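What follows is a short report on a single structure.
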Amino acid sequence: MRSAVWPRLSCMGWLGRGQRSLSLFSSTAPSNWSKVVSDAEKIVGYPTSFMSLRCLLSDELSNVAMHVRKLVGTKHPLLNTARGFVYDSRNNLQMRGLVVLLMSKAAGPSHAASDLLAQDMVSGIYPSQRNLAEITELIHTAFLVHRGIVDLKEWTNSDGPLKDMQFGNKMAVLSGDFLLANACTGLAQLNNTKVVELISSAIGDLVQGIYHENAPNVEESSPTDGLNVAAWEEQTFLSHGALLAKSCQAAMELAKHDKEAQKQAYKYGKHLSLGHKLNSDLQPFVKSGVGEPVSFSLNAAPVVFHRQMVGQDKWCQQLQQARTFRNQLDYSKLWAAVKSEKGVSSAVDLCCYHGNKALEAIQAFPSSEARSALENIASAVTKF
Amino acid sequence: MAVPWRQCRRLSANHTSTSLLETVCHLSGRTAFLSSASWRRGPGSGSGPGHRGLLSAQPSHVTPTYNSSLTRHKFRLLFPTLQSCCCRRIHSDVKLKDPFALAQKDLNHLYDDIKKELFVSKAELKSLCDYYFDGKGKAFRPMIVVLMSRALNIHSNRDGDLLPGQRSIAMISEMIHTASLVHDDVIDGSDKRRGKSTINEVWGERKAILAGDFILSAASMALARIGNTTVVSVLSQVIEDLVRGEFMQLGSKENENERFKHYLEKTFKKTASLIANSCKAVSILVSSDPEVHEIAFQYGRNVGIAFQLVDDVLDFTSCANHLGKPSAADLRLGLATGPVLFACQQFPELHAMIMRRFSSKGDVDRAWQYVQQSDGVEQTTYLARRYCQEAIRQISLLRPSAERDALIRLTEMVLSRDK
């Protein structure tokens with residue numbers, strides 16, 4: 001069954017990745033992201049479809065899939081999230097799982113644990129580490145889904161029927177909960193309470209990070225919230241870094257590697273995630289493509305740097321100038337304002353800093369194919 | 001009532017009661033006594049009011065059958081107080097408070113300790129997470145966990161005092177329960193719970209879901225810190241059951257027996273699994289005997305199902321606001337619970353309404369009327385009583401203790417509660 005289903009999915013994933021990479025890492029990207037990823041996938045053995053069959057083919061999720069069709073034509077975010085499972089790899093669905101597997105392989109077999117058998121390893125990775133990679137993906141996906149819950153009171157009738165939104169919410173809550181519940185039972189089966197505690201705390205981090213993210217449609221709600229770079233890093237770690245950092249650490253714990261190995265794995269996951277987020281926040285500002293409409297979050301790293309540099313007063317002034325008569329934001333004006341200062345280059349510097357920190361951390365492990373792949377991934381996030 | 005109608009009903013009633021019975025027995029596994037001791041005895045003997053068994057219009061007619069059974073006899077020997085408890089639904093207030101009083105000293109700082117587990121730096125998220133841990137809940141699940149722990153500790157030749165892990169499980173059971181309430185309220189679009197506005201009503205759906213997720217992650221961390229992998233597995237199963245139960249509520253079954261089985265299975269997953277597995281978890285911490293684990297699990301399972309059956313009855317009998325939510329709330333959500341499923345056997349007109357989830361205009365009112373005219377409420381109550389009897393049978397296998405007896409009295413509270 002694996003062979004029957006996966007080629008289809010991975011083929012779609014590949015298509016999506018190709019498309020995306022054209023726009024994302026356009027002209028000059030010397031080390032193409034998608035190539036880095038697909039090379040890395042070969043190293044860890046079977047393809048990176050971690051969302052287990054058990055989950056994807058379950059009655060529950062096929063039930064949801066059936067219901068989600070009813071949402072076609074509505075504006076519920078769940079629809080886009082669901083589409084993303086098939087087409088989009090910009091959010092790097094399964095990227096986290098891949099890193100966990102590479103990290104496991106780079107760290108190699110355990111020397112400390114007698115109950116772990118080297119012959120159980122597949123492509124140099126313990127089964128429990130593979131399960132962990134899958135759990136990491138389940139949790140990440142669950143929160144992609146839960147992020148898209150719509151606040152019904154903010155929904156106006158001009159946006160579409162309220163009923164569709166209620167229904168979409170119901171599906172989003174249920175499918176997100178289902179993925180989380182599977183992650184919980186999967187965690188329990190790892191038989192390591194330290195790992196359960198670590199990954200559970202990552203779920204808590206994720207919630208805290210996401211909680212203050214702006215909801216999709218209310219980007220302009222709080223433009224004057226004073227978010228400085230330090231706060232941005234802290235929050236971005238919670239929402240984008242903690243899960244990968246702690247999963248990398250947990251992969252070491254599962255193979256009974258020592259505290260130092262756990263610490264370096266954690267660091268790699270943390271800095272890679274921050275670098276990756278900076279890279280994607282920077283894309284609208286480094287792309288050379290002209291004519292495409294610019295759009296970016298006001299909480300994107302270059303904007304946050306910019307705000308901090310020009311000061312709150314000037315930023316408010318710039319926001320004011322960018323407002324059109326219908327009180328909407330003219331993003332190209334803001335874009336120009338941000339580009340004219342040093343916000344972008346500071347964000348690029350920070351991105352390189354985190355990429356290098358990740359490279360540094362991975363040097364703690366012996367040289368290997370898997371380590372090279374992790375190095376390539378860390379380098380790729382610093383390329384524009 | 002005209003005789004032919006009666007007889008006609010009796011025939012069909014007997015037919016269905018057997019299959020319902022099989023359903024129940026199939027689900028409960030070891031509860032074969034349900035059929036052999038009294039249930040089958042009724043129809044088998046062919047005389048007396050007990051003849052109509054499960055579908056008897058008046059539960060009082062059933063009780064005599066039950067009274068004469070061996071099981072009843074055994075109960076009476078074991079628990080002299082049970083006679084008044086089990087058959088009449090009149091109690092003094094003192095008796096009702098008893099299990100609470102016994103568990104009280106272990107529950108004193110429960111909510112404070114839960115709030116300590118919910119460690120968040122951001123003030124708003126913190127207030128959402130703490131919202132339902134205001135000390136005004138019944139703490140029904142922690143109470144069972146505490147009493148069960150003490151009863152099991154004494155059974156295992158220790159003093160009753162809680163082990164630290166058992167105390168954590170009392171806390172975790174309330175946290176998992178609350179997290180699922182928060183999500184349920186979003187799914188059902190509820191705006192009131194326990195007499196106050198729901199989290200989604202005050203802060204919106206998106207934040208409510210995240211708060212629920214956070215409470216769950218905190219519960220999961222506390223669970224991991226107990227340091228017992230079996231306990232982690234047992235309680236993780238609960239989280240999966242809760243979601244699967246919620247999914248089961250999305251669909252309706254065409255076939256009547258399937259539907260009843262589906263209903264009881266959903267009831268186990270959504271309500272009883274948490275109680276059963278929490279009881280099992282505390283037993284694992286004190287005993288290595290699988291039979292003891294099974295007693296704890298079966299007690300929790302049977303009490304949990306009875307609890308939900310009574311809840312479903314109250315949706316039809318309690319006036320609005322008494323429960324903290326409007327009555328017939330389940331019908332409005334499109335859900336066919338015990339009283340409706342039983343009523344459907346008398347009034348087949350309900351079948352179509354169940355299948356379309358009471359979505360046509362006037363369905364809710366008509367279904368309500370049918371249920372009131374039927375004996376669906378009595379039969380559901382009767383079924384709840386059977387589950388409580390099985391719970392008592394299970395817990396009676398433990399060595400006597402004040403806490404064990406409190407767990408027995410607690411089943412009566414489950415049956416007699418009105419909110």
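Note on naming: chains are A, B, ... as they come in the structure tokens, residues start from 1 per chain, ligands start from 1 in the order shown.
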
Applying 10 Å and only C-alpha atoms, which residues near B:Lys266 remain after dropping the ones on its own chain fewer than 4 positions away? List them as JSON, numbers by chain.
{"B": [241, 242, 244, 245, 246, 247, 248, 249, 260, 261, 262, 270, 271, 272, 273, 305]}

Please identify every residue of chain A that has at least one atom no more than 8 Å from any atom of chain B, counting only C-alpha atoms, and report them as a compact mmCIF listing (two decimals) with C-alpha atoms, in the first residue's frame.
```
# COMPACT_ATOMS: atom_id res chain seq x y z
CA GLU A 60 -11.61 10.28 10.55
CA HIS A 146 -5.48 25.22 14.33
CA ARG A 147 -3.84 28.47 13.28
CA GLY A 148 -6.59 28.86 10.72
CA ILE A 149 -9.53 28.88 13.11
CA VAL A 150 -11.71 31.88 12.31
CA ASP A 151 -13.10 34.21 14.96
CA LEU A 152 -16.77 34.21 14.09
CA LYS A 153 -17.54 37.57 15.64
CA GLN A 166 -18.81 27.63 11.55
CA ASN A 169 -14.05 25.79 12.19
CA LYS A 170 -15.62 22.55 13.31
CA VAL A 173 -10.80 21.86 15.35
CA LEU A 174 -11.53 18.18 14.83
CA ASP A 177 -7.22 17.57 17.47
CA PHE A 178 -7.06 14.28 15.64
CA ALA A 181 -4.12 12.98 19.59
CA ASN A 182 -2.18 10.73 17.25
CA CYS A 184 0.17 11.93 21.88
CA THR A 185 -0.31 8.20 21.43
CA ALA A 188 3.56 7.41 24.54
CA GLN A 189 4.73 4.48 22.44
CA ASN A 191 8.44 4.63 26.06
CA ASN A 192 10.58 7.50 27.17
CA THR A 193 8.97 9.94 29.56
CA LYS A 194 11.77 12.49 29.09
CA VAL A 196 7.19 12.93 26.21
CA GLU A 197 7.89 15.85 28.52
CA LEU A 198 10.20 17.57 26.07
CA SER A 200 4.82 18.27 25.22
CA SER A 201 6.66 21.38 26.31
CA ILE A 203 3.55 22.00 22.04
CA GLY A 204 3.12 24.53 24.86
CA VAL A 207 0.78 27.64 21.44
CA GLN A 208 2.40 30.57 23.20
CA TYR A 211 -1.23 32.95 20.34
```

I'd like the interatomic distance between atom CA of B:Asp112 and atom CA of B:Arg193, to a tenth of an Å.
20.8 Å

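When atom CA of A:Cys351 is paired with atom CA of A:Ala322, their separation reads 27.6 Å.
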
Which of these, A:Leu117, A:Val304, A:Leu334, A:Ala172, has the shortest distance to A:Asp281 once you count only C-alpha atoms?
A:Val304

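Put simply, atom CA of A:Asp313 is 26.1 Å away from atom CA of A:Val286.
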
Could you pull out the helix (DSSP H, G or I) residues of stretch 108-160 of chain A from DSSP and send them as an MDAnalysis selection string?
chainID A and resid 118:120 127:147 152:154 157:159

Counting only C-alpha atoms, closest pick from A:Leu98, A:Ile125, A:Ala251, A:Leu79 relative to A:Ala373 is A:Leu98

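The protein and nucleic acid residues lying at most 6 Å from stretch 260-268 of chain A are Ala245, Lys246, Cys248, Gln249, Met252, Ala358 and Ala361 of chain A, with only C-alpha atoms considered and sequence neighbours fewer than 6 positions away removed.
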
Expected file: the selected residues, N, CA and C atoms, as a compact mmCIF listing (two decimals), in the first residue's frame:
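Result file follows (result-v3.txt):
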```txt
# COMPACT_ATOMS: atom_id res chain seq x y z
N ALA A 245 13.83 22.35 17.52
CA ALA A 245 14.95 22.27 18.46
C ALA A 245 14.75 21.10 19.43
N LYS A 246 13.55 21.03 20.00
CA LYS A 246 13.29 19.99 21.00
C LYS A 246 13.18 18.61 20.36
N CYS A 248 14.94 17.63 17.73
CA CYS A 248 16.32 17.22 17.49
C CYS A 248 16.96 16.72 18.79
N GLN A 249 16.69 17.45 19.87
CA GLN A 249 17.22 17.01 21.16
C GLN A 249 16.65 15.65 21.54
N MET A 252 18.23 12.67 20.00
CA MET A 252 19.47 12.28 20.68
C MET A 252 19.16 11.48 21.93
N ALA A 358 24.00 27.46 13.33
CA ALA A 358 23.54 26.09 13.07
C ALA A 358 24.70 25.25 12.54
N ALA A 361 26.99 24.32 15.35
CA ALA A 361 26.48 23.29 16.25
C ALA A 361 26.68 21.90 15.66
```

Close residues, stretch 118-122 of chain A itself excluded, 12 Å, only C-alpha atoms, min 5 positions apart in chain, as a PyMOL selection string
chain A and resi 43-46+101+104-105+108-113+127-130+255

Can you work out which one of B:Ser359, B:Gln104, B:Ser252, B:Ser278 has the shortest atom-to-atom distance to B:Gly165, counting only C-alpha atoms?
B:Ser278

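For B:Tyr370, the set of protein, DNA and RNA residues having any atom at most 12 Å away, when counting only C-alpha atoms and skipping those fewer than 2 positions along the same chain, is B:Phe316, B:Pro339, B:Val340, B:Leu341, B:Phe342, B:Ala343, B:Cys344, B:Gln345, B:Gln346, B:Phe347, B:Pro348, B:Glu349, B:Leu350, B:His351, B:Met353, B:Asp363, B:Val364, B:Asp365, B:Arg366, B:Ala367, B:Trp368, B:Gln372, B:Gln373, B:Ser374, B:Asp375, B:Gly376, B:Val377.
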
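Omitting A:Gln235 and its sequence neighbours fewer than 4 positions away, and counting only C-alpha atoms, the residues within 9 Å are Gln208, Gly209, Ile210, His212, Glu213, Ala230, Ala231, Ser239 and His240 of chain A.
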
Step one, run DSSP on the backbone; step two, keep only residues of stretch 80-297 of chain B assigned to strand (DSSP E); then write them as a ChimeraX atom specification.
/B:192-193,196-197

Using N, CA and C atoms, can you write the selected residues to a file as an mmCIF file, in the first residue's frame?
```
data_model
loop_
_atom_site.group_PDB
_atom_site.id
_atom_site.type_symbol
_atom_site.label_atom_id
_atom_site.label_comp_id
_atom_site.auth_asym_id
_atom_site.auth_seq_id
_atom_site.Cartn_x
_atom_site.Cartn_y
_atom_site.Cartn_z
ATOM 1 N N LYS B 192 -22.550 29.419 26.655
ATOM 2 C CA LYS B 192 -22.613 29.359 28.123
ATOM 3 C C LYS B 192 -22.126 28.010 28.627
ATOM 4 N N ARG B 193 -21.400 28.057 29.742
ATOM 5 C CA ARG B 193 -20.992 26.822 30.404
ATOM 6 C C ARG B 193 -20.865 27.112 31.886
ATOM 7 N N LYS B 196 -21.424 30.554 33.151
ATOM 8 C CA LYS B 196 -20.715 31.738 32.669
ATOM 9 C C LYS B 196 -20.445 31.632 31.170
ATOM 10 N N SER B 197 -20.063 32.762 30.575
ATOM 11 C CA SER B 197 -19.795 32.763 29.145
ATOM 12 C C SER B 197 -18.636 31.829 28.828
#
```

List the neighbours of B:Ser173 out to 7 Å using only C-alpha atoms; skip same-chain residues closer than 6 positions along the sequence, and give me the result as a PyMOL selection string.
chain B and resi 141-142+274+278

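Remark: for B:Ile154, the closest of the candidate residues B:Ser283, B:Asp312, B:Met413, B:Ala103 is B:Ser283 (distances computed over only C-alpha atoms).
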